[in-house]
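Student: Below you will find the structure I want to go over with you.
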Amino acid sequence: MTPVPPFLTVLQSTARALVDPGKGILAADESFGTLGRRFAAHDIPFTRENRYAYRELLATTPELGDAISGMILFEETLSQPIADGTLLPSALVRHGIIPGVKVDTGTRALPAFPGETTTRGLDNLRARLADYAARGARFTKWRATFAIGDGLPSATAIETNARILALFAATSQEAGLVPIVEPEVLMAGGHTLDRCGHITRGVVQTVFARLDEHRVALDGMLLKTGMILPGEDCGQAVTSTEIAETTLHVLQQVVPANVPGIVFLSGGQNDVDATERLNEICRYDNPPWTLSFSFGRALQDAALQVWAGDAANVVPAQAELLKRARFNALAVQGRYAAGSERVFA
Ligand code: 13P
């Protein structure tokens, strides 16, 4: 008989709270490398002071908890004090936002498979999770990436990453932390919408087979995935309706109904496209799971641009973040319209 994880009720209630209808997740868990590149694009010096200032700006945005259920943090941010002397996760809790943490330590080349990756971080994961839980984290995230190309992704890359995702998820649940399992099929390349759908179906199906083998409680986890899109170099013109129908069709084939929620990443789409497509996906009736967002760039890009590393810009930058969060909160209810942008302008 499959053992019941000791914290199952806690896992179930946290997972449900993260996909509270009308809210979504803010991904602000960029590694030093990724955040450094984002800062460099705006000529913001990559110092600890600036990283702290930026993450405090995001976490203390007034009213953010109306539209955001949880925030994924990078490890450094879990221990970050904010201006009033409290630690940042406590500030989130005061806003009604659940703190979470990215626990993988990034992708590395998969040996003998050029162009493919696996994700590191399983070593010492159990000890790290106990520490993160003590620092206030209630959920975790692990990202595996899959490039589409000539013969890619290979069956070996899919299998290896699915196994690692399952080990991560089981270890996270053992620690009482809801795992967000993120197999990301990358947008780079010239593939069509259909090929993205075909690859995503195979990847997600394998991931759920391994989650089952590793006795992961599906009602105490979330799936984070990309929308089904043509590759960025494909040139195929597709409507939001085609994207929504293909995405839902694929997910309905491979995601079990007892998974409480599927949250979409933005993956390099511009913020307005990401919101419009999310809205289209969420307009369809009765999928078995709650659909929502866990955007990084599509929530943060405008705020980062306005802030530009200057303390004088914190308030207008927070207004940009709140605006995008509210639009996406409307989108998960299928209530976003391009005209809504004016309401908060
Ligand atoms: P994007 O929305 O910028 O793709 O980031 C989401 C994320 O958490 C990727 O792991």
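All residue names refer to the structure tokens as shown: chains lettered A, B, ... in order, residues numbered from 1 in each chain, ligands numbered from 1 in order.
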List as a short mmCIF file (atom, residue, chain, number, x, y, z; two decimals) with N, CA and C atoms, in the first residue's frame the protein and nucleic acid residues lying within 9 Å of ligand 1, with only C-alpha atoms and all ligand atoms counted.
Tutor:
```
data_model
loop_
_atom_site.label_atom_id
_atom_site.label_comp_id
_atom_site.auth_asym_id
_atom_site.auth_seq_id
_atom_site.Cartn_x
_atom_site.Cartn_y
_atom_site.Cartn_z
N LEU A 26 3.93 34.91 -8.06
CA LEU A 26 5.01 35.76 -8.59
C LEU A 26 6.32 34.97 -8.47
N ALA A 27 6.94 34.67 -9.61
CA ALA A 27 8.25 34.00 -9.59
C ALA A 27 9.32 35.08 -9.55
N ALA A 28 10.05 35.14 -8.43
CA ALA A 28 11.13 36.13 -8.27
C ALA A 28 12.35 35.39 -7.73
N ASP A 29 12.60 34.24 -8.34
CA ASP A 29 13.63 33.33 -7.84
C ASP A 29 14.82 33.26 -8.78
N GLU A 30 15.07 34.34 -9.51
CA GLU A 30 16.18 34.33 -10.47
C GLU A 30 17.50 34.07 -9.74
N ILE A 72 7.81 33.02 -5.25
CA ILE A 72 8.95 32.10 -5.24
C ILE A 72 10.22 32.93 -5.08
N LYS A 102 12.99 28.45 -4.68
CA LYS A 102 13.55 27.61 -5.75
C LYS A 102 14.65 26.77 -5.10
N LYS A 141 10.23 24.98 -5.67
CA LYS A 141 10.15 24.87 -7.14
C LYS A 141 11.42 24.23 -7.68
N TRP A 142 11.25 23.43 -8.72
CA TRP A 142 12.39 22.79 -9.39
C TRP A 142 12.11 22.85 -10.89
N ARG A 143 13.06 23.40 -11.64
CA ARG A 143 12.85 23.58 -13.08
C ARG A 143 13.79 22.67 -13.88
N ALA A 144 13.21 21.91 -14.82
CA ALA A 144 14.00 21.15 -15.79
C ALA A 144 13.69 21.74 -17.16
N GLU A 182 8.34 21.69 -12.40
CA GLU A 182 8.37 22.54 -13.60
C GLU A 182 9.21 21.92 -14.73
N GLU A 184 10.02 22.62 -18.25
CA GLU A 184 9.81 23.73 -19.20
C GLU A 184 10.32 23.34 -20.59
N LYS A 224 3.96 23.22 -13.08
CA LYS A 224 4.24 24.50 -13.75
C LYS A 224 4.76 24.18 -15.14
N GLY A 226 4.81 25.50 -19.61
CA GLY A 226 4.63 26.58 -20.57
C GLY A 226 3.32 26.41 -21.32
N PHE A 264 1.11 28.54 -15.23
CA PHE A 264 1.90 28.75 -16.44
C PHE A 264 3.07 29.69 -16.18
N LEU A 265 4.21 29.38 -16.79
CA LEU A 265 5.34 30.32 -16.82
C LEU A 265 5.17 31.21 -18.03
N SER A 266 5.90 32.32 -18.07
CA SER A 266 5.74 33.20 -19.24
C SER A 266 6.78 32.90 -20.31
N GLY A 267 7.94 32.41 -19.94
CA GLY A 267 8.88 31.81 -20.89
C GLY A 267 9.47 32.72 -21.95
N GLY A 268 9.37 34.04 -21.78
CA GLY A 268 9.94 34.94 -22.78
C GLY A 268 8.89 35.62 -23.66
N GLN A 269 7.60 35.30 -23.43
CA GLN A 269 6.54 36.06 -24.13
C GLN A 269 6.52 37.48 -23.54
N ALA A 274 1.37 37.38 -22.84
CA ALA A 274 1.22 36.34 -21.81
C ALA A 274 -0.14 36.47 -21.12
N PHE A 293 -1.25 31.43 -13.03
CA PHE A 293 0.05 31.86 -13.57
C PHE A 293 1.12 31.78 -12.48
N SER A 294 2.34 31.60 -12.93
CA SER A 294 3.51 31.71 -12.06
C SER A 294 4.57 32.41 -12.91
N PHE A 295 4.28 33.67 -13.21
CA PHE A 295 5.13 34.40 -14.16
C PHE A 295 6.31 35.05 -13.45
N GLY A 296 7.44 35.08 -14.15
CA GLY A 296 8.59 35.86 -13.73
C GLY A 296 8.64 37.14 -14.54
N ARG A 297 9.18 37.00 -15.77
CA ARG A 297 9.38 38.19 -16.61
C ARG A 297 8.08 38.93 -16.90
N ALA A 298 7.00 38.21 -17.18
CA ALA A 298 5.76 38.88 -17.58
C ALA A 298 5.13 39.68 -16.43
N LEU A 299 5.57 39.42 -15.19
CA LEU A 299 5.11 40.26 -14.08
C LEU A 299 6.13 41.35 -13.75
N GLN A 300 7.40 41.03 -13.93
CA GLN A 300 8.45 41.92 -13.41
C GLN A 300 9.05 42.90 -14.41
N ASP A 301 9.01 42.59 -15.70
CA ASP A 301 9.80 43.37 -16.66
C ASP A 301 9.52 44.88 -16.59
#
```
Student: Quick one: residues within 7 Å of range 197-208 of chain A, only C-alpha atoms, excluding same-chain residues fewer than 6 positions away - as a list in words?
Tutor: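 Here the answer would be Ile158, Glu159, Ala162, Val185, Ile228, Thr246, Val250 and Val254 of chain A.
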Student: Could you go through range 222-255 of chain A and tell me which residues DSSP, when run on the backbone, assigns to alpha helix (DSSP H), listing them as an mmCIF file with all heavy atoms, in the first residue's frame?
Tutor:
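The result, written out as selection-v6.cif:
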```cif
data_model
loop_
_atom_site.group_PDB
_atom_site.id
_atom_site.type_symbol
_atom_site.label_atom_id
_atom_site.label_comp_id
_atom_site.auth_asym_id
_atom_site.auth_seq_id
_atom_site.Cartn_x
_atom_site.Cartn_y
_atom_site.Cartn_z
ATOM 1 N N SER A 240 -4.514 33.567 -30.188
ATOM 2 C CA SER A 240 -4.600 33.172 -28.770
ATOM 3 C C SER A 240 -5.559 31.990 -28.599
ATOM 4 O O SER A 240 -5.352 31.125 -27.752
ATOM 5 C CB SER A 240 -5.107 34.340 -27.920
ATOM 6 O OG SER A 240 -4.184 35.378 -27.934
ATOM 7 N N THR A 241 -6.594 31.951 -29.440
ATOM 8 C CA THR A 241 -7.556 30.841 -29.344
ATOM 9 C C THR A 241 -6.890 29.518 -29.704
ATOM 10 O O THR A 241 -7.082 28.504 -29.015
ATOM 11 C CB THR A 241 -8.758 31.106 -30.274
ATOM 12 O OG1 THR A 241 -9.261 32.396 -29.963
ATOM 13 C CG2 THR A 241 -9.843 30.080 -30.113
ATOM 14 N N GLU A 242 -6.077 29.524 -30.772
ATOM 15 C CA GLU A 242 -5.383 28.277 -31.144
ATOM 16 C C GLU A 242 -4.423 27.839 -30.036
ATOM 17 O O GLU A 242 -4.314 26.648 -29.718
ATOM 18 C CB GLU A 242 -4.592 28.477 -32.443
ATOM 19 C CG GLU A 242 -5.465 28.537 -33.679
ATOM 20 C CD GLU A 242 -4.659 28.967 -34.900
ATOM 21 O OE1 GLU A 242 -4.201 30.128 -34.935
ATOM 22 O OE2 GLU A 242 -4.487 28.139 -35.799
ATOM 23 N N ILE A 243 -3.720 28.821 -29.462
ATOM 24 C CA ILE A 243 -2.785 28.498 -28.373
ATOM 25 C C ILE A 243 -3.560 27.905 -27.196
ATOM 26 O O ILE A 243 -3.174 26.878 -26.634
ATOM 27 C CB ILE A 243 -2.013 29.772 -27.941
ATOM 28 C CG1 ILE A 243 -1.064 30.192 -29.056
ATOM 29 C CG2 ILE A 243 -1.273 29.551 -26.620
ATOM 30 C CD1 ILE A 243 -0.477 31.591 -28.888
ATOM 31 N N ALA A 244 -4.665 28.537 -26.846
ATOM 32 C CA ALA A 244 -5.447 28.076 -25.686
ATOM 33 C C ALA A 244 -6.007 26.671 -25.943
ATOM 34 O O ALA A 244 -5.912 25.791 -25.073
ATOM 35 C CB ALA A 244 -6.587 29.057 -25.414
ATOM 36 N N GLU A 245 -6.564 26.456 -27.133
ATOM 37 C CA GLU A 245 -7.189 25.150 -27.399
ATOM 38 C C GLU A 245 -6.142 24.044 -27.409
ATOM 39 O O GLU A 245 -6.357 22.960 -26.867
ATOM 40 C CB GLU A 245 -7.968 25.197 -28.724
ATOM 41 C CG GLU A 245 -9.263 25.966 -28.546
ATOM 42 C CD GLU A 245 -10.074 26.121 -29.830
ATOM 43 O OE1 GLU A 245 -9.579 25.712 -30.906
ATOM 44 O OE2 GLU A 245 -11.191 26.662 -29.744
ATOM 45 N N THR A 246 -4.984 24.321 -28.036
ATOM 46 C CA THR A 246 -3.941 23.288 -28.090
ATOM 47 C C THR A 246 -3.400 23.015 -26.694
ATOM 48 O O THR A 246 -3.192 21.853 -26.304
ATOM 49 C CB THR A 246 -2.787 23.743 -29.019
ATOM 50 O OG1 THR A 246 -3.344 24.241 -30.227
ATOM 51 C CG2 THR A 246 -1.837 22.608 -29.322
ATOM 52 N N THR A 247 -3.170 24.076 -25.931
ATOM 53 C CA THR A 247 -2.620 23.902 -24.577
ATOM 54 C C THR A 247 -3.564 23.051 -23.721
ATOM 55 O O THR A 247 -3.145 22.081 -23.079
ATOM 56 C CB THR A 247 -2.399 25.287 -23.924
ATOM 57 O OG1 THR A 247 -1.490 26.036 -24.734
ATOM 58 C CG2 THR A 247 -1.831 25.166 -22.517
ATOM 59 N N LEU A 248 -4.845 23.398 -23.742
ATOM 60 C CA LEU A 248 -5.801 22.655 -22.919
ATOM 61 C C LEU A 248 -5.954 21.217 -23.401
ATOM 62 O O LEU A 248 -6.028 20.284 -22.593
ATOM 63 C CB LEU A 248 -7.166 23.346 -22.953
ATOM 64 C CG LEU A 248 -7.229 24.609 -22.095
ATOM 65 C CD1 LEU A 248 -8.495 25.397 -22.399
ATOM 66 C CD2 LEU A 248 -7.168 24.259 -20.612
ATOM 67 N N HIS A 249 -5.964 21.034 -24.717
ATOM 68 C CA HIS A 249 -6.121 19.692 -25.277
ATOM 69 C C HIS A 249 -4.972 18.789 -24.812
ATOM 70 O O HIS A 249 -5.183 17.663 -24.354
ATOM 71 C CB HIS A 249 -6.163 19.808 -26.810
ATOM 72 C CG HIS A 249 -6.320 18.504 -27.494
ATOM 73 N ND1 HIS A 249 -7.465 17.744 -27.384
ATOM 74 C CD2 HIS A 249 -5.464 17.804 -28.299
ATOM 75 C CE1 HIS A 249 -7.311 16.637 -28.089
ATOM 76 N NE2 HIS A 249 -6.101 16.644 -28.648
ATOM 77 N N VAL A 250 -3.752 19.301 -24.915
ATOM 78 C CA VAL A 250 -2.576 18.503 -24.522
ATOM 79 C C VAL A 250 -2.622 18.203 -23.019
ATOM 80 O O VAL A 250 -2.455 17.055 -22.588
ATOM 81 C CB VAL A 250 -1.273 19.250 -24.897
ATOM 82 C CG1 VAL A 250 -0.064 18.638 -24.204
ATOM 83 C CG2 VAL A 250 -1.088 19.256 -26.415
ATOM 84 N N LEU A 251 -2.868 19.234 -22.218
ATOM 85 C CA LEU A 251 -2.825 19.027 -20.766
ATOM 86 C C LEU A 251 -3.922 18.068 -20.323
ATOM 87 O O LEU A 251 -3.724 17.234 -19.429
ATOM 88 C CB LEU A 251 -2.927 20.370 -20.035
ATOM 89 C CG LEU A 251 -1.716 21.298 -20.267
ATOM 90 C CD1 LEU A 251 -1.940 22.655 -19.609
ATOM 91 C CD2 LEU A 251 -0.416 20.670 -19.752
ATOM 92 N N GLN A 252 -5.092 18.165 -20.981
ATOM 93 C CA GLN A 252 -6.184 17.269 -20.592
ATOM 94 C C GLN A 252 -5.831 15.803 -20.847
ATOM 95 O O GLN A 252 -6.307 14.913 -20.165
ATOM 96 C CB GLN A 252 -7.464 17.647 -21.334
ATOM 97 C CG GLN A 252 -8.500 18.153 -20.359
ATOM 98 C CD GLN A 252 -9.417 19.216 -20.915
ATOM 99 O OE1 GLN A 252 -9.334 19.577 -22.083
ATOM 100 N NE2 GLN A 252 -10.288 19.719 -20.071
ATOM 101 N N GLN A 253 -4.959 15.569 -21.827
ATOM 102 C CA GLN A 253 -4.585 14.189 -22.138
ATOM 103 C C GLN A 253 -3.616 13.591 -21.116
ATOM 104 O O GLN A 253 -3.558 12.378 -20.971
ATOM 105 C CB GLN A 253 -3.936 14.134 -23.528
ATOM 106 C CG GLN A 253 -4.937 14.343 -24.647
ATOM 107 C CD GLN A 253 -4.246 14.424 -25.995
ATOM 108 O OE1 GLN A 253 -3.176 15.000 -26.132
ATOM 109 N NE2 GLN A 253 -4.868 13.830 -27.000
ATOM 110 N N VAL A 254 -2.834 14.435 -20.454
ATOM 111 C CA VAL A 254 -1.735 13.867 -19.661
ATOM 112 C C VAL A 254 -1.655 14.301 -18.197
ATOM 113 O O VAL A 254 -0.842 13.751 -17.452
ATOM 114 C CB VAL A 254 -0.368 14.138 -20.349
ATOM 115 C CG1 VAL A 254 -0.210 13.286 -21.593
ATOM 116 C CG2 VAL A 254 -0.168 15.610 -20.668
#
```
Student: Please provide the set of residues having any atom within 10 Å of Trp307 in chain A, restricted to only C-alpha atoms, with same-chain residues fewer than 5 positions apart removed, written as a PyMOL selection string.
Tutor: chain A and resi 42+44+54+57+302+312-318+320
Student: With a distance cut-off of 12 Å and only C-alpha atoms, select the neighbouring residues of Lys323 in chain A, excluding the residue or stretch itself and same-chain residues fewer than 6 positions from it, and output the selection as a PyMOL selection string.
Tutor: chain A and resi 61-64+66-68+271-272+275+298-303+316-317+329-330+340-345
Student: Rank nothing, just name the residue among A:Pro114, A:Glu76, A:Pro81, A:Ala59 nearest to Arg94 in chain A, using only C-alpha atoms.
Tutor: A:Ala59
Student: Select from range 107-222 of chain A everything DSSP, run on the backbone, classes as strand (DSSP E or B), then give the selection as a list in words.
Tutor: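 Filtering range 107-222 of chain A to strand (DSSP E or B) leaves Thr107, Arg108, Ala109, Thr117, Thr118, Thr119, Phe139, Thr140, Lys141, Trp142, Arg143, Ala144, Thr145, Phe146, Gly149, Leu152, Val178, Pro179, Ile180, Val181, Glu182, Pro183, Glu184, Val185 and Leu222 of chain A.
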Student: Between CA of Leu223 in chain A and CA of Ile262 in chain A, what is the distance in Å, rounded to a tenth?
Tutor: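 Here the two named atoms are 4.8 Å from each other.
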Student: So how many Å separate CA of Leu186 in chain A and CA of Arg37 in chain A, to one decimal?
Tutor: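 Computing it gives 18.4 Å between the two atoms.
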Student: In Å, with one decimal, what is the gap from CA of Pro5 in chain A to CA of Leu129 in chain A?
Tutor: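 So the answer is 15.6 Å.
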